[in-house]
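Undergrad: Take a look at the following structure, please.
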Amino acid sequence: QVQLVESGGGPVQSGGSLRLSCAASGFSVSGYSMSWYRQAPGKERELLATITRAGFTTNYADSVKGRFTISKDNAINRVFLQMNSLKPEDTAVYYCHATIWSGSLWGQGTQVTVSS
């Protein structure tokens with residue numbers, strides 16, 4: 001079954017850190033660019049970070065640059081998002097995404113709630 005499953009979200013205080021994990025099945029993350037998005041209530045889904053197929057190039061939204069780091073471990077077929085210096089405005093549902101042969105693939109999301 002082709003799917004993405006996110007984990008690692010939860011409540012955290014402002015200034016804290018979380019590490020999100022995205023487990024892929026049915027395809028290899030080594031063969032595709034992978035991305036993290038988030039969606040806050042009442043807002044559009046926002047692209048946060050992308051890592052290329054080879055894993056050598058990453059890109060970040062200005063809102064998270066310098067605080068978030070995307071990485072992937074091809075051996076365990078997972079993608080990660082390390083989030084540091086979290087702010088209340090980072091509160092959202094975070095999604096893993098890949099565009100594979102069958103089209104756009106999304107996970108179910110994981111909730112991150114940052115309290116001040």
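Residue numbers start at 1 in each chain; chains themselves are named A, B, ... in the order of the structure tokens; ligands are numbered from 1 in the order shown.
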Please identify all polymer residues within 7 Å of Arg67 in chain A, counting only C-alpha atoms, omitting same-chain residues fewer than 3 positions from it, and present them as a short mmCIF file (atom, residue, chain, number, x, y, z; two decimals) with C-alpha atoms, in the first residue's frame.

TA:
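Written out: out.cif:
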data_model
loop_
_atom_site.label_atom_id
_atom_site.label_comp_id
_atom_site.auth_asym_id
_atom_site.auth_seq_id
_atom_site.Cartn_x
_atom_site.Cartn_y
_atom_site.Cartn_z
CA VAL A 64 10.73 28.64 9.02
CA MET A 83 11.57 22.10 14.41
CA ASN A 84 13.40 24.38 16.84
CA SER A 85 12.54 27.70 18.46
#

Undergrad: What's the 9 Å shell around Glu6 in chain A, counting only C-alpha atoms, without same-chain residues fewer than 6 positions away, as a list in words?

TA: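 Final neighbour list, sorted by chain and number: Leu20, Ser21, Cys22, Ala23, Ala24, Tyr94, Tyr95, Cys96, Gly107, Gln108, Gly109 and Thr110 of chain A.
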
Undergrad: Looking at A:Gly103, A:Pro11, A:Pro41, A:Lys65, which one is nearest to Ser115 in chain A, with distances taken over only C-alpha atoms?

TA: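 So, comparing all the options, the nearest one is A:Pro11.
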
Undergrad: Here is a test: counting only C-alpha atoms, which residue of A:Gln3, A:Thr50, A:Ser63, A:Ser28 is nearest to Glu89 in chain A?

TA: A:Ser63

Undergrad: For Arg38 in chain A, please output as an mmCIF file with all heavy atoms, in the first residue's frame all residues within 7 Å (counting only C-alpha atoms; exclusion window: fewer than 2 positions along the same chain).

TA:
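This is the output file result.cif:
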data_model
loop_
_atom_site.group_PDB
_atom_site.id
_atom_site.type_symbol
_atom_site.label_atom_id
_atom_site.label_comp_id
_atom_site.auth_asym_id
_atom_site.auth_seq_id
_atom_site.Cartn_x
_atom_site.Cartn_y
_atom_site.Cartn_z
ATOM 1 N N TRP A 36 7.402 18.956 3.337
ATOM 2 C CA TRP A 36 6.522 19.140 4.494
ATOM 3 C C TRP A 36 5.693 20.396 4.263
ATOM 4 O O TRP A 36 6.213 21.420 3.804
ATOM 5 C CB TRP A 36 7.328 19.313 5.773
ATOM 6 C CG TRP A 36 7.886 18.051 6.317
ATOM 7 C CD1 TRP A 36 9.142 17.541 6.125
ATOM 8 C CD2 TRP A 36 7.215 17.115 7.178
ATOM 9 N NE1 TRP A 36 9.294 16.353 6.792
ATOM 10 C CE2 TRP A 36 8.121 16.069 7.459
ATOM 11 C CE3 TRP A 36 5.943 17.052 7.745
ATOM 12 C CZ2 TRP A 36 7.792 14.990 8.265
ATOM 13 C CZ3 TRP A 36 5.619 15.991 8.548
ATOM 14 C CH2 TRP A 36 6.538 14.963 8.806
ATOM 15 N N ALA A 40 -2.867 25.790 9.159
ATOM 16 C CA ALA A 40 -3.452 26.318 10.388
ATOM 17 C C ALA A 40 -4.942 26.557 10.152
ATOM 18 O O ALA A 40 -5.373 26.747 9.008
ATOM 19 C CB ALA A 40 -2.751 27.606 10.781
ATOM 20 N N ARG A 45 -3.025 25.769 3.018
ATOM 21 C CA ARG A 45 -1.889 24.893 3.275
ATOM 22 C C ARG A 45 -0.612 25.576 2.759
ATOM 23 O O ARG A 45 -0.592 26.107 1.644
ATOM 24 C CB ARG A 45 -2.099 23.551 2.582
ATOM 25 C CG ARG A 45 -1.179 22.465 3.056
ATOM 26 C CD ARG A 45 -1.655 21.079 2.624
ATOM 27 N NE ARG A 45 -2.898 20.696 3.294
ATOM 28 C CZ ARG A 45 -3.400 19.478 3.263
ATOM 29 N NH1 ARG A 45 -2.787 18.519 2.581
ATOM 30 N NH2 ARG A 45 -4.530 19.205 3.894
ATOM 31 N N GLU A 46 0.421 25.538 3.573
ATOM 32 C CA GLU A 46 1.669 26.258 3.310
ATOM 33 C C GLU A 46 2.831 25.283 3.131
ATOM 34 O O GLU A 46 3.046 24.415 3.969
ATOM 35 C CB GLU A 46 1.965 27.208 4.497
ATOM 36 C CG GLU A 46 3.290 27.935 4.441
ATOM 37 C CD GLU A 46 3.612 28.671 5.726
ATOM 38 O OE1 GLU A 46 2.976 28.410 6.772
ATOM 39 O OE2 GLU A 46 4.523 29.514 5.693
ATOM 40 N N LEU A 47 3.575 25.457 2.042
ATOM 41 C CA LEU A 47 4.773 24.657 1.818
ATOM 42 C C LEU A 47 5.886 25.162 2.732
ATOM 43 O O LEU A 47 6.213 26.356 2.708
ATOM 44 C CB LEU A 47 5.218 24.746 0.359
ATOM 45 C CG LEU A 47 6.553 24.099 0.007
ATOM 46 C CD1 LEU A 47 6.529 22.605 0.282
ATOM 47 C CD2 LEU A 47 6.904 24.370 -1.452
ATOM 48 N N ALA A 92 -0.340 24.201 13.953
ATOM 49 C CA ALA A 92 -0.975 23.785 12.699
ATOM 50 C C ALA A 92 -0.971 22.265 12.634
ATOM 51 O O ALA A 92 -0.349 21.591 13.467
ATOM 52 C CB ALA A 92 -0.214 24.354 11.504
ATOM 53 N N VAL A 93 -1.638 21.750 11.615
ATOM 54 C CA VAL A 93 -1.489 20.345 11.253
ATOM 55 C C VAL A 93 -0.381 20.260 10.208
ATOM 56 O O VAL A 93 -0.406 20.999 9.225
ATOM 57 C CB VAL A 93 -2.792 19.750 10.707
ATOM 58 C CG1 VAL A 93 -2.583 18.282 10.306
ATOM 59 C CG2 VAL A 93 -3.910 19.863 11.737
ATOM 60 N N TYR A 94 0.574 19.383 10.436
ATOM 61 C CA TYR A 94 1.736 19.250 9.567
ATOM 62 C C TYR A 94 1.592 17.986 8.712
ATOM 63 O O TYR A 94 1.269 16.911 9.226
ATOM 64 C CB TYR A 94 3.009 19.194 10.396
ATOM 65 C CG TYR A 94 3.404 20.543 10.939
ATOM 66 C CD1 TYR A 94 2.646 21.163 11.936
ATOM 67 C CD2 TYR A 94 4.512 21.224 10.433
ATOM 68 C CE1 TYR A 94 2.982 22.420 12.413
ATOM 69 C CE2 TYR A 94 4.865 22.480 10.911
ATOM 70 C CZ TYR A 94 4.093 23.069 11.899
ATOM 71 O OH TYR A 94 4.434 24.321 12.364
ATOM 72 N N TYR A 95 1.857 18.160 7.410
ATOM 73 C CA TYR A 95 1.671 17.080 6.446
ATOM 74 C C TYR A 95 2.957 16.794 5.684
ATOM 75 O O TYR A 95 3.688 17.709 5.289
ATOM 76 C CB TYR A 95 0.607 17.466 5.414
ATOM 77 C CG TYR A 95 -0.765 17.710 5.969
ATOM 78 C CD1 TYR A 95 -1.159 18.978 6.368
ATOM 79 C CD2 TYR A 95 -1.688 16.669 6.076
ATOM 80 C CE1 TYR A 95 -2.426 19.213 6.872
ATOM 81 C CE2 TYR A 95 -2.969 16.891 6.577
ATOM 82 C CZ TYR A 95 -3.318 18.166 6.969
ATOM 83 O OH TYR A 95 -4.583 18.389 7.457
#

Undergrad: Write out as a VMD selection string each polymer residue whose atoms come within 8 Å of Ser14 in chain A, counting only C-alpha atoms; drop sequence neighbours fewer than 2 positions from it.

TA: chain A and resid 12 16 85 to 88 114 to 116
